[in-house]
>>> print(open('entry07.txt').read())   # compact mmCIF, C-alpha atoms
# COMPACT_ATOMS: atom_id res chain seq x y z
CA SER A 1 0.00 0.00 0.00
CA TYR A 2 2.98 2.34 0.43
CA THR A 3 5.50 1.29 -2.21
CA ARG A 4 5.27 0.25 -5.83
CA GLU A 5 8.66 -0.22 -7.41
CA ALA A 6 10.86 -2.75 -9.16
CA GLY A 7 13.34 -2.92 -6.24
CA VAL A 8 13.11 -2.61 -2.46
CA ARG A 9 14.69 0.79 -1.79
CA GLY A 10 11.38 2.49 -1.03
CA LEU A 11 10.34 -0.46 1.13
CA GLN A 12 13.58 -0.18 3.11
CA ARG A 13 12.94 3.50 3.76
CA CYS A 14 9.42 2.77 5.02
CA LEU A 15 10.65 -0.01 7.30
CA ALA A 16 13.43 2.22 8.64
CA SER A 17 10.91 4.95 9.48
CA LEU A 18 8.71 2.46 11.32
CA CYS A 19 11.67 1.03 13.24
CA ARG A 20 12.78 4.48 14.37
CA ALA A 21 9.26 5.40 15.46
CA ALA A 22 8.84 2.12 17.36
CA ALA A 23 12.23 2.60 19.07
CA VAL A 24 11.32 6.14 20.14
CA HIS A 25 7.99 4.96 21.53
CA ALA A 26 9.67 2.09 23.40
CA ALA A 27 12.27 4.46 24.89
CA GLN A 28 9.59 6.89 25.99
CA ALA A 29 7.62 4.07 27.58
CA SER A 30 10.77 2.88 29.41
CA ASP A 31 11.50 6.40 30.68
CA HIS A 32 7.93 6.73 31.89
CA LYS A 33 8.22 3.44 33.77
CA ALA A 34 11.43 4.62 35.41
CA VAL A 35 9.83 7.90 36.43
CA GLU A 36 6.92 6.07 38.05
CA GLY A 37 8.96 3.49 39.97
CA GLY A 38 12.34 5.12 40.47
CA GLY A 39 15.33 4.45 38.25
CA ILE A 40 17.58 6.11 35.75
CA VAL A 41 16.25 8.58 33.23
CA GLY A 42 18.75 10.28 30.94
CA GLY A 43 21.65 9.41 33.29
CA VAL A 44 19.93 10.86 36.39
CA VAL A 45 19.25 8.44 39.26
CA LEU A 46 15.78 8.70 40.75
CA ALA A 47 15.99 7.38 44.29
CA SER A 48 12.23 7.40 44.71
CA PRO A 49 9.24 8.11 42.54
CA PRO A 50 8.05 11.74 42.54
CA GLU A 51 5.15 12.67 44.72
CA GLY A 52 1.73 12.37 43.13
CA PRO A 53 0.68 10.18 40.22
CA VAL A 54 2.43 10.67 36.90
CA SER A 55 0.07 10.49 33.98
CA ARG A 56 1.31 8.45 31.04
CA ASN A 57 0.02 11.14 28.73
CA THR A 58 2.30 13.71 30.43
CA ALA A 59 5.37 11.51 30.10
CA LEU A 60 4.68 10.61 26.48
CA HIS A 61 3.50 12.59 23.52
CA PRO A 62 -0.24 11.93 23.24
CA ALA A 63 0.15 10.38 19.81
CA ALA A 64 2.99 8.19 21.00
CA ALA A 65 1.06 7.16 24.09
CA ALA A 66 -1.85 5.99 21.99
CA LEU A 67 0.28 4.18 19.40
CA SER A 68 3.15 2.72 21.44
CA ARG A 69 2.82 -0.91 22.37
CA ILE A 70 5.36 -3.29 23.89
CA GLY A 71 4.98 -7.01 23.38
CA PRO A 72 5.29 -9.59 26.19
CA ASP A 73 8.95 -10.15 25.29
CA GLY A 74 9.76 -6.46 25.53
CA VAL A 75 9.95 -5.95 21.76
CA PRO A 76 8.03 -2.96 20.33
CA VAL A 77 5.02 -3.95 18.25
CA VAL A 78 4.23 -2.04 15.06
CA THR A 79 0.49 -1.51 14.86
CA ARG A 80 -1.68 -0.35 11.96
CA GLU A 81 -2.28 2.91 13.80
CA LEU A 82 1.47 3.49 14.08
CA ILE A 83 1.93 2.80 10.36
CA GLU A 84 -0.71 5.35 9.41
CA LYS A 85 0.72 7.89 11.88
CA VAL A 86 4.28 7.55 10.57
CA LEU A 87 3.76 6.87 6.85
CA GLY A 88 0.42 8.60 6.38
CA PRO A 89 -2.55 7.19 4.46
CA PRO A 90 -1.93 4.40 1.93
CA ARG A 91 -0.52 5.76 -1.30
CA TYR A 92 -1.40 2.84 -3.56
CA ASP A 93 -4.82 1.52 -2.69
CA GLY A 94 -6.29 -1.30 -4.74
CA ALA A 95 -7.40 0.27 -8.01
CA SER A 96 -9.73 -2.68 -8.63
CA ASP A 97 -11.50 -2.55 -5.26
CA ASP A 98 -14.40 -0.52 -6.63
CA LEU A 99 -14.91 -2.93 -9.52
CA ARG A 100 -14.71 -5.96 -7.26
CA SER A 101 -17.16 -4.52 -4.74
CA SER A 102 -19.77 -3.99 -7.45
CA GLY A 103 -20.75 -7.65 -7.11
CA LEU A 104 -21.61 -10.20 -9.76
CA VAL A 105 -21.90 -8.33 -13.04
CA PRO A 106 -22.04 -10.12 -16.40
CA GLY A 107 -19.26 -8.94 -18.68
CA VAL A 108 -16.77 -8.06 -15.91
CA VAL A 109 -13.82 -10.44 -15.49
CA ALA A 110 -10.61 -10.20 -13.45
CA GLY A 111 -7.45 -10.56 -15.50
CA LEU A 112 -3.81 -10.57 -14.44
CA SER A 113 -1.26 -8.19 -15.89
CA TRP A 114 2.48 -7.67 -15.67
CA THR A 115 3.95 -4.21 -15.06
CA ALA A 116 7.43 -2.81 -14.57
CA VAL A 117 6.84 -2.80 -10.80
CA GLY A 118 5.28 -6.26 -10.52
CA GLY A 119 1.92 -7.85 -11.25
CA ASP A 120 -1.53 -6.36 -10.91
CA ILE A 121 -5.22 -7.20 -11.14
CA MET A 122 -6.92 -5.79 -14.24
CA TYR A 123 -10.70 -5.96 -14.47
CA ILE A 124 -11.97 -6.09 -18.06
CA GLU A 125 -15.44 -4.69 -18.70
CA ALA A 126 -17.70 -5.47 -21.65
CA ALA A 127 -21.01 -3.81 -22.52
CA VAL A 128 -23.52 -4.14 -25.35
CA MET A 129 -25.79 -1.50 -26.89
CA PRO A 130 -27.85 -0.93 -30.03
CA GLY A 131 -25.68 -0.13 -33.01
CA ALA A 132 -24.36 -1.08 -36.41
CA GLY A 133 -22.37 -4.15 -35.36
CA SER A 134 -19.00 -2.68 -34.37
CA LEU A 135 -16.46 -3.58 -31.69
CA GLN A 136 -15.16 -0.61 -29.70
CA LEU A 137 -11.99 -0.84 -27.60
CA THR A 138 -10.88 1.74 -25.02
CA GLY A 139 -8.31 2.04 -22.24
CA GLN A 140 -5.15 3.21 -24.10
CA LEU A 141 -4.57 -0.19 -25.72
CA GLY A 142 -1.66 -1.21 -27.92
CA ASP A 143 -1.89 -3.06 -31.22
CA VAL A 144 -1.30 -6.52 -29.76
CA ILE A 145 -4.01 -6.29 -27.11
CA LYS A 146 -6.41 -4.89 -29.71
CA GLU A 147 -5.71 -7.92 -31.87
CA SER A 148 -6.44 -10.13 -28.85
CA ALA A 149 -9.84 -8.46 -28.49
CA HIS A 150 -10.70 -9.11 -32.13
CA ILE A 151 -9.53 -12.72 -31.82
CA ALA A 152 -11.72 -13.16 -28.75
CA MET A 153 -14.72 -11.70 -30.57
CA SER A 154 -14.09 -13.92 -33.59
CA TRP A 155 -13.80 -17.03 -31.42
CA VAL A 156 -17.04 -16.28 -29.59
CA GLN A 157 -18.80 -15.54 -32.89
CA SER A 158 -17.54 -18.71 -34.58
CA HIS A 159 -18.48 -20.87 -31.56
CA ALA A 160 -21.78 -19.13 -30.82
CA ALA A 161 -23.83 -22.26 -31.52
CA ALA A 162 -21.68 -24.42 -29.25
CA LEU A 163 -21.91 -21.73 -26.58
CA GLY A 164 -25.68 -21.54 -26.91
CA LEU A 165 -25.47 -17.96 -28.19
CA THR A 166 -27.07 -18.29 -31.62
CA GLY A 167 -28.06 -15.07 -33.35
CA ASP A 168 -31.27 -16.49 -34.86
CA SER A 169 -32.49 -17.97 -31.58
CA ILE A 170 -32.43 -15.23 -28.97
CA PRO A 171 -34.61 -15.54 -25.88
CA SER A 172 -37.38 -13.22 -24.92
CA PRO A 173 -36.95 -11.54 -21.52
CA GLU A 174 -39.19 -14.20 -19.98
CA SER A 175 -37.18 -17.14 -21.30
CA GLY A 176 -33.86 -18.36 -20.00
CA GLY A 177 -31.20 -19.89 -22.19
CA GLY A 178 -27.46 -19.74 -21.82
CA GLY A 179 -27.79 -20.42 -18.15
CA GLY A 180 -31.47 -21.30 -18.17
CA SER A 181 -34.34 -19.26 -16.86
CA VAL A 182 -34.36 -18.42 -13.21
CA GLY A 183 -34.83 -21.69 -11.43
CA GLY A 184 -35.09 -23.52 -14.76
CA SER A 185 -32.81 -25.66 -16.84
CA GLY A 186 -30.01 -24.17 -18.88
CA GLY A 187 -29.54 -24.14 -22.59
CA ALA A 188 -26.61 -25.50 -24.55
CA GLY A 189 -24.24 -22.99 -23.05
CA GLY A 190 -24.98 -23.18 -19.37
CA ARG A 191 -26.21 -24.88 -16.26
CA ARG A 192 -29.10 -24.43 -13.93
CA ARG A 193 -29.52 -20.92 -12.56
CA GLY A 194 -31.34 -19.92 -9.44
CA ASP A 195 -29.44 -16.79 -8.45
CA GLY A 196 -32.03 -14.37 -9.75
CA SER A 197 -29.63 -12.91 -12.33
CA PRO A 198 -31.10 -11.74 -15.63
CA PRO A 199 -31.26 -14.16 -18.54
CA GLY A 200 -28.66 -13.89 -21.26
CA MET A 201 -29.38 -11.50 -24.10
CA TYR A 202 -28.03 -13.84 -26.74
CA ALA A 203 -28.36 -17.28 -25.18
CA ALA A 204 -30.21 -19.91 -27.19
CA GLY A 205 -33.87 -20.06 -26.26
CA ALA A 206 -37.21 -18.97 -27.68
CA SER A 207 -37.07 -17.84 -31.29
CA LEU A 208 -37.75 -14.24 -32.28
CA GLU A 209 -38.75 -14.95 -35.86
CA ALA A 210 -41.32 -12.16 -35.62
CA GLN A 211 -38.46 -9.69 -35.24
CA GLY A 212 -36.30 -11.28 -37.92
CA GLY A 213 -34.11 -13.22 -35.49
CA HIS A 214 -32.79 -10.22 -33.56
CA TRP A 215 -33.90 -7.70 -31.01
CA PRO A 216 -35.40 -4.57 -32.59
CA VAL A 217 -32.95 -1.69 -32.38
CA ARG A 218 -34.32 1.74 -31.46
CA GLY A 219 -32.79 5.03 -32.47
CA HIS A 220 -32.40 8.05 -30.22
CA HIS A 221 -35.75 9.40 -31.41
CA GLY A 222 -37.63 6.16 -30.77
CA GLY A 223 -37.71 4.92 -34.38
CA ASP A 224 -36.39 1.58 -35.53
CA VAL A 225 -32.99 1.66 -37.17
CA SER A 226 -31.63 -0.79 -39.69
CA PRO A 227 -29.48 -3.36 -37.88
CA GLY A 228 -25.94 -3.90 -39.09
CA GLY A 229 -23.30 -6.51 -38.39
CA HIS A 230 -23.57 -10.27 -38.43
CA GLY A 231 -24.15 -13.01 -35.89
CA LEU A 232 -23.97 -11.79 -32.32
CA LEU A 233 -23.19 -8.25 -33.49
CA ARG A 234 -26.30 -7.98 -35.65
CA GLY A 235 -27.96 -4.70 -34.70
CA ARG A 236 -25.73 -3.97 -31.74
CA ASN A 237 -22.28 -2.73 -30.76
CA VAL A 238 -19.94 -4.27 -28.20
CA HIS A 239 -17.65 -2.10 -26.10
CA ILE A 240 -14.64 -3.57 -24.27
CA HIS A 241 -12.91 -1.30 -21.77
CA LEU A 242 -9.82 -1.76 -19.62
CA PRO A 243 -9.94 0.71 -16.68
CA GLN A 244 -7.08 2.99 -15.65
CA GLY A 245 -7.04 4.59 -19.06
CA ALA A 246 -4.00 6.75 -18.27
CA ILE A 247 -1.81 3.60 -18.19
CA PRO A 248 -0.76 2.17 -21.59
CA LYS A 249 -1.59 -1.53 -21.98
CA ASP A 250 -0.38 -4.08 -24.49
CA GLY A 251 0.37 -7.76 -24.85
CA PRO A 252 -1.55 -10.93 -25.68
CA SER A 253 -2.18 -12.25 -22.17
CA ALA A 254 -5.65 -10.70 -21.85
CA GLY A 255 -7.07 -12.89 -24.63
CA VAL A 256 -8.75 -15.52 -22.42
CA THR A 257 -10.08 -12.80 -20.11
CA MET A 258 -11.71 -10.99 -23.02
CA CYS A 259 -13.23 -14.25 -24.26
CA CYS A 260 -14.73 -14.88 -20.82
CA ALA A 261 -16.00 -11.31 -20.61
CA LEU A 262 -17.80 -11.67 -23.95
CA VAL A 263 -19.30 -15.05 -23.09
CA SER A 264 -20.41 -13.67 -19.74
CA LEU A 265 -21.93 -10.60 -21.41
CA PHE A 266 -23.83 -12.53 -24.08
CA SER A 267 -25.06 -15.29 -21.76
CA GLY A 268 -25.89 -12.99 -18.85
CA ARG A 269 -23.93 -15.20 -16.46
CA PRO A 270 -21.34 -13.52 -14.20
CA VAL A 271 -17.88 -14.99 -13.77
CA ARG A 272 -16.85 -16.12 -10.30
CA VAL A 273 -15.57 -13.20 -8.22
CA ASP A 274 -12.85 -15.31 -6.59
CA THR A 275 -11.26 -16.18 -9.95
CA ALA A 276 -8.70 -14.37 -12.08
CA MET A 277 -7.04 -15.55 -15.27
CA THR A 278 -4.30 -14.95 -17.79
CA GLY A 279 -3.36 -16.45 -21.13
CA GLU A 280 -3.20 -15.82 -24.85
CA VAL A 281 -5.99 -17.24 -26.99
CA SER A 282 -5.83 -18.45 -30.57
CA LEU A 283 -8.60 -18.50 -33.18
CA ARG A 284 -9.00 -22.22 -32.50
CA GLY A 285 -9.51 -21.54 -28.81
CA LEU A 286 -6.11 -22.79 -27.66
CA VAL A 287 -4.74 -21.20 -24.49
CA LEU A 288 -1.12 -20.26 -25.18
CA PRO A 289 1.61 -19.58 -22.59
CA VAL A 290 2.44 -16.04 -21.44
CA GLY A 291 5.16 -14.36 -19.41
CA GLY A 292 5.23 -12.80 -15.96
CA ILE A 293 3.53 -15.76 -14.24
CA LYS A 294 5.38 -15.18 -10.96
CA GLU A 295 4.41 -11.53 -10.70
CA LYS A 296 0.81 -12.21 -11.75
CA LEU A 297 0.22 -14.96 -9.21
CA ILE A 298 1.78 -12.91 -6.41
CA ALA A 299 -0.55 -10.03 -7.36
CA ALA A 300 -3.55 -12.38 -7.30
CA HIS A 301 -2.55 -13.59 -3.83
CA GLN A 302 -2.08 -10.04 -2.53
CA ASN A 303 -5.51 -9.01 -3.84
CA GLY A 304 -7.37 -11.85 -2.16
CA ILE A 305 -7.99 -13.96 -5.28
CA ALA A 306 -8.51 -17.64 -4.43
CA ARG A 307 -8.46 -19.28 -7.88
CA VAL A 308 -6.21 -18.52 -10.86
CA LEU A 309 -6.60 -19.95 -14.36
CA VAL A 310 -3.25 -20.19 -16.16
CA PRO A 311 -2.12 -21.77 -19.44
CA ALA A 312 -1.26 -25.44 -19.01
CA ARG A 313 2.11 -24.84 -20.65
CA ASN A 314 3.01 -22.37 -17.89
CA LEU A 315 2.87 -24.99 -15.12
CA SER A 316 6.66 -25.33 -15.15
CA ASP A 317 6.93 -21.59 -14.49
CA VAL A 318 4.49 -21.96 -11.62
CA GLU A 319 6.53 -24.74 -10.05
CA HIS A 320 9.94 -23.09 -10.44
CA GLU A 321 9.22 -19.37 -10.03
CA VAL A 322 6.20 -18.84 -7.79
CA PRO A 323 6.99 -18.94 -4.04
CA GLU A 324 5.64 -21.98 -2.25
CA SER A 325 3.79 -19.79 0.26
CA VAL A 326 1.81 -18.25 -2.61
CA ARG A 327 1.15 -21.59 -4.32
CA ALA A 328 -0.12 -23.06 -1.06
CA GLU A 329 -2.89 -20.44 -0.76
CA LEU A 330 -3.96 -20.33 -4.41
CA LYS A 331 -5.91 -22.90 -6.38
CA ILE A 332 -4.05 -22.88 -9.68
CA VAL A 333 -6.06 -24.40 -12.54
CA PRO A 334 -4.17 -25.25 -15.76
CA CYS A 335 -6.18 -24.69 -18.94
CA ALA A 336 -5.29 -25.93 -22.44
CA THR A 337 -8.37 -24.67 -24.32
CA MET A 338 -11.11 -22.10 -23.89
CA ALA A 339 -13.45 -24.96 -23.00
CA ASP A 340 -11.28 -25.54 -19.89
CA VAL A 341 -11.34 -21.83 -19.06
CA LEU A 342 -15.12 -21.50 -19.32
CA GLU A 343 -15.72 -24.68 -17.34
CA ASN A 344 -13.70 -23.28 -14.44
CA ALA A 345 -14.59 -19.58 -14.72
CA PHE A 346 -18.35 -19.89 -14.20
CA GLU A 347 -20.11 -21.14 -11.10
CA GLY A 348 -21.34 -24.62 -11.97
CA GLY A 349 -19.27 -24.73 -15.15
CA TYR A 350 -20.17 -23.85 -18.72
CA ARG A 351 -20.93 -26.62 -21.18
CA LEU A 352 -19.98 -26.33 -24.84
CA ALA A 353 -22.25 -28.34 -27.12
CA MET A 354 -19.45 -29.50 -29.41
CA PRO A 355 -20.41 -31.72 -32.38
CA SER A 356 -19.62 -35.38 -31.91
CA LYS A 357 -16.68 -36.80 -33.85
CA LEU A 358 -17.38 -39.77 -36.06
>>> encode(input="entry07.txt", output="structure tokens")
Amino acid sequence: SYTREAGVRGLQRCLASLCRAAAVHAAQASDHKAVEGGGIVGGVVLASPPEGPVSRNTALHPAAAALSRIGPDGVPVVTRELIEKVLGPPRYDGASDDLRSSGLVPGVVAGLSWTAVGGDIMYIEAAVMPGAGSLQLTGQLGDVIKESAHIAMSWVQSHAAALGLTGDSIPSPESGGGGGSVGGSGGAGGRRRGDGSPPGMYAAGASLEAQGGHWPVRGHHGGDVSPGGHGLLRGRNVHIHLPQGAIPKDGPSAGVTMCCALVSLFSGRPVRVDTAMTGEVSLRGLVLPVGGIKEKLIAAHQNGIARVLVPARNLSDVEHEVPESVRAELKIVPCATMADVLENAFEGGYRLAMPSKL
């Protein structure tokens, strides 16, 4: 919360400040004890305690009196109150806390990123709206991460039927699909749902042949507009945003996270809040290895994430680079394909209705 750097110089300065403050508080407490019971204070021998009670608050600075604490072995204890008094308020609070506290929201998925000062949690947001069938990307993204977003969209589009997200079979608000209606059975792309969450917008369910196989799109003035795009983008735009827009972002490791965000958005099923993921995705849905596994898993552990989905080909990096203390408190799930990712990202799993091989 107080340092964010590639080395430990800033951390050493913070620890030194805390040690000096704890030593001063311990010395003041020792002097106060000597004043009360007789002893040596600053080289002066006190043969007997002074007349009248000596208030601790008069012997110590009020702030020190409230914050100083000596353990049973005589060693000063650094408390949270002392840290805030000496170092001030936290300088680097969790940037993703607001997103995480928003609860289960379809289209929001926790990804893991690598930075020059270590790993970090990066929540990816996806939203859908009436439009001409375009994909909008924001968050100061580089070319590679933009390509990952288009690959993710193409994979979801090409596997829409297997995911239960067919464009010509979209449910009405009363029907379920994708994850099933509330309390009902799921469609091809989901399991039973009883959490009261809204049904998926694009999950397979009741046909809308009366509307031409898509939701009617309304313009700003209330009139119908001609839908554009194809498949899941017919008559609507998709917007993918990576928060903290002042920070440049690039790299392929957000591919699986974007895929999950799109599947979550279209099916209306939120991804588990205790799960984060990283990995590059191919057009065939293969999960490819990425770098920075050590930093990413340490960041997941520091941010209270319980489950991490990583590429199966990165398991050797997990075994050799990630500290054992971190591995012991994380459930690390290796994934070789997007089917593995979806099965582990959603509560109750996510079934893909793949065609049988003859």
>>> closest_residue(input="entry07.txt", among="A:Val105, A:Leu315, A:Ala26, A:Val77", to="A:Val271", atoms="all atoms listed in the file")
A:Val105
>>> closest_residue(input="entry07.txt", among="A:Gly255, A:Pro90, A:Gly349, A:Pro334", to="A:Ser154", atoms="all atoms listed in the file")
A:Gly255
>>> residues_around(input="entry07.txt", residues="stretch 279-294 of chain A", least_positions_apart="2", cutoff="9 Å", atoms="all atoms listed in the file", output="compact mmCIF listing (two decimals) with C-alpha atoms, keeping the file's coordinate frame")
# COMPACT_ATOMS: atom_id res chain seq x y z
CA LEU A 112 -3.81 -10.57 -14.44
CA SER A 113 -1.26 -8.19 -15.89
CA TRP A 114 2.48 -7.67 -15.67
CA THR A 115 3.95 -4.21 -15.06
CA GLY A 118 5.28 -6.26 -10.52
CA GLY A 119 1.92 -7.85 -11.25
CA SER A 148 -6.44 -10.13 -28.85
CA ILE A 151 -9.53 -12.72 -31.82
CA ALA A 152 -11.72 -13.16 -28.75
CA SER A 154 -14.09 -13.92 -33.59
CA TRP A 155 -13.80 -17.03 -31.42
CA GLY A 251 0.37 -7.76 -24.85
CA PRO A 252 -1.55 -10.93 -25.68
CA SER A 253 -2.18 -12.25 -22.17
CA ALA A 254 -5.65 -10.70 -21.85
CA GLY A 255 -7.07 -12.89 -24.63
CA VAL A 256 -8.75 -15.52 -22.42
CA THR A 257 -10.08 -12.80 -20.11
CA CYS A 259 -13.23 -14.25 -24.26
CA MET A 277 -7.04 -15.55 -15.27
CA LYS A 296 0.81 -12.21 -11.75
CA LEU A 297 0.22 -14.96 -9.21
CA ILE A 298 1.78 -12.91 -6.41
CA ALA A 299 -0.55 -10.03 -7.36
CA LEU A 309 -6.60 -19.95 -14.36
CA VAL A 310 -3.25 -20.19 -16.16
CA PRO A 311 -2.12 -21.77 -19.44
CA ALA A 312 -1.26 -25.44 -19.01
CA ARG A 313 2.11 -24.84 -20.65
CA ASN A 314 3.01 -22.37 -17.89
CA ASP A 317 6.93 -21.59 -14.49
CA VAL A 318 4.49 -21.96 -11.62
CA GLU A 321 9.22 -19.37 -10.03
CA VAL A 322 6.20 -18.84 -7.79
CA PRO A 323 6.99 -18.94 -4.04
CA CYS A 335 -6.18 -24.69 -18.94
CA ALA A 336 -5.29 -25.93 -22.44
CA THR A 337 -8.37 -24.67 -24.32
CA MET A 338 -11.11 -22.10 -23.89
CA ALA A 339 -13.45 -24.96 -23.00
CA VAL A 341 -11.34 -21.83 -19.06
>>> atom_distance(input="entry07.txt", atom1="atom CA of A:Met129", atom2="atom CA of A:Val238")
6.6 Å
>>> residues_around(input="entry07.txt", residues="A:Met153", least_positions_apart="6", cutoff="12 Å", atoms="all atoms listed in the file", output="NGL selection string")
:A and (126 or 133-137 or 146-147 or 159-160 or 230-233 or 237-240 or 255-263 or 265-266 or 281-283 or 285)
>>> closest_residue(input="entry07.txt", among="A:Leu82, A:Leu18, A:Ile332, A:Val273", to="A:Glu319", atoms="all atoms listed in the file")
A:Ile332
